[in-house]
Amino acid sequence: MNLSYAPLGDTGMQVVFGNEIAKETNQLIRRMTDQLKDHPVEGVIEWVPAYTTLTLYYNPSVITYQELQDTLQNIYQKVQEQREAASDSLVYILPTYYGGEDLSHVAEHNDLTEEKVVELHSSGDYLIYMMGFVPGFPYLGGMSEEIATPRREDPRPEIAPGSVGIAGSQTGVYPLTSPGGWQLIGRTPVKLYDPDQEKPILLESGHYVRFVPVSKEEYEEIEQAIERGEYTVQTEAKEEVTP
């Protein structure tokens with residue numbers, strides 16, 4: 001894969017990893033960001049990974065555009081040389097009470113029972129491709145096409161934090177109160193965004209999410225434990241080999 005580079009104003013650069021949304025592309029981007037974390041580049045302020053791009057913001061008085069491009073190309077070559085190395089990811093386990101306002105609609109749209117929708121939605125681990133459109137919102141890949149459902153024609157002005165939704169063939173979780181048009185099928189009590197924590201955003205691109213069905217009573221118990229500060233989000237290691 002050949003990278004392409006494009007300037008974003010006077011202090012930004014976008015690195016493009018092709019135009020295909022794929023797990024392999026995501027892993028390459030993640031390994032690039034891991035290198036940037038482990039070996040900081042002087043003058044680089046921050047970076048934002050997305051589906052097929054990595055956007056960097058830098059101080060041009062410290063590092064020039066061409067110097068940054070050369071540095072990134074060297075990092076990419078290093079990543080390519082180490083592509084057979086194992087990449088450790090985490091699976092964040094999110095207890096989820098299914099029964100959202102649109103669960104019946106998703107079932108009817110796909111000619112399924114609500115129970116089958118829940119089974120399919122909670123049957124695997126979802127790769128976190130990118131974060132946005134509000135702090136902590138994960139765009140997840142890997143949802144079954146059997147439950148794909150278009151967005152609502154009339155977006156809601158307010159959606160509660162923790163709401164689990166479907167939009168087309170994507171699924172995600174609303175981390176805070178916001179408007180949105182995704183089909184809501186459930187809710188997790190886990191806080192994906194908490195400004196009072198040292199690390200306010202729980203999830204990170206390149207890792208995974210697993211939805212585990214719980215009863216309403218279990219949901220309320222976990223919610224209360226979170227409010228008391230007595231709940232720790234469970235994770236599992238997921239070792240992968242970069243293709």
# chains A, B, ... in the order shown; residues from 1 in each chain; ligands from 1

$ select_by_dssp --residues "range 18-203 of chain A" --states "strand (DSSP E)" --output "MDAnalysis selection string"
chainID A and resid 44:49 53:58 86:98 125:131 138:141 156:159 163:167 170:173 178:180 183:187

$ residues_around --residues "range 21-38 of chain A" --least-positions-apart "4" --cutoff "12 Å" --atoms "only C-alpha atoms" --output "ChimeraX atom specification"
/A:1-3,15-17,42-56,68,71-89,126-130,139-142,204-208,240-243

$ closest_residue --among "A:Asn110, A:Glu158, A:Ile93, A:Tyr219" --to "Leu202 in chain A" --atoms "only C-alpha atoms"
A:Ile93

$ closest_residue --among "A:Gly9, A:Pro200, A:Pro189, A:Gly99" --to "Gln224 in chain A" --atoms "only C-alpha atoms"
A:Pro189

$ closest_residue --among "A:Gln197, A:Gln14, A:Ser163, A:Thr171" --to "Ile147 in chain A" --atoms "only C-alpha atoms"
A:Thr171

$ closest_residue --among "A:Ser178, A:Pro135, A:Thr232, A:Glu67" --to "Ile201 in chain A" --atoms "only C-alpha atoms"
A:Pro135

$ closest_residue --among "A:Phe211, A:Asp102, A:Glu220, A:Leu176" --to "Ser122 in chain A" --atoms "only C-alpha atoms"
A:Phe211

$ closest_residue --among "A:Gly124, A:Leu184, A:Glu227, A:Tyr5" --to "Ala107 in chain A" --atoms "only C-alpha atoms"
A:Leu184

$ select_by_dssp --residues "range 8-190 of chain A" --states "alpha helix (DSSP H)" --output "PyMOL selection string"
chain A and resi 23-38+65-81+103-109+114-121
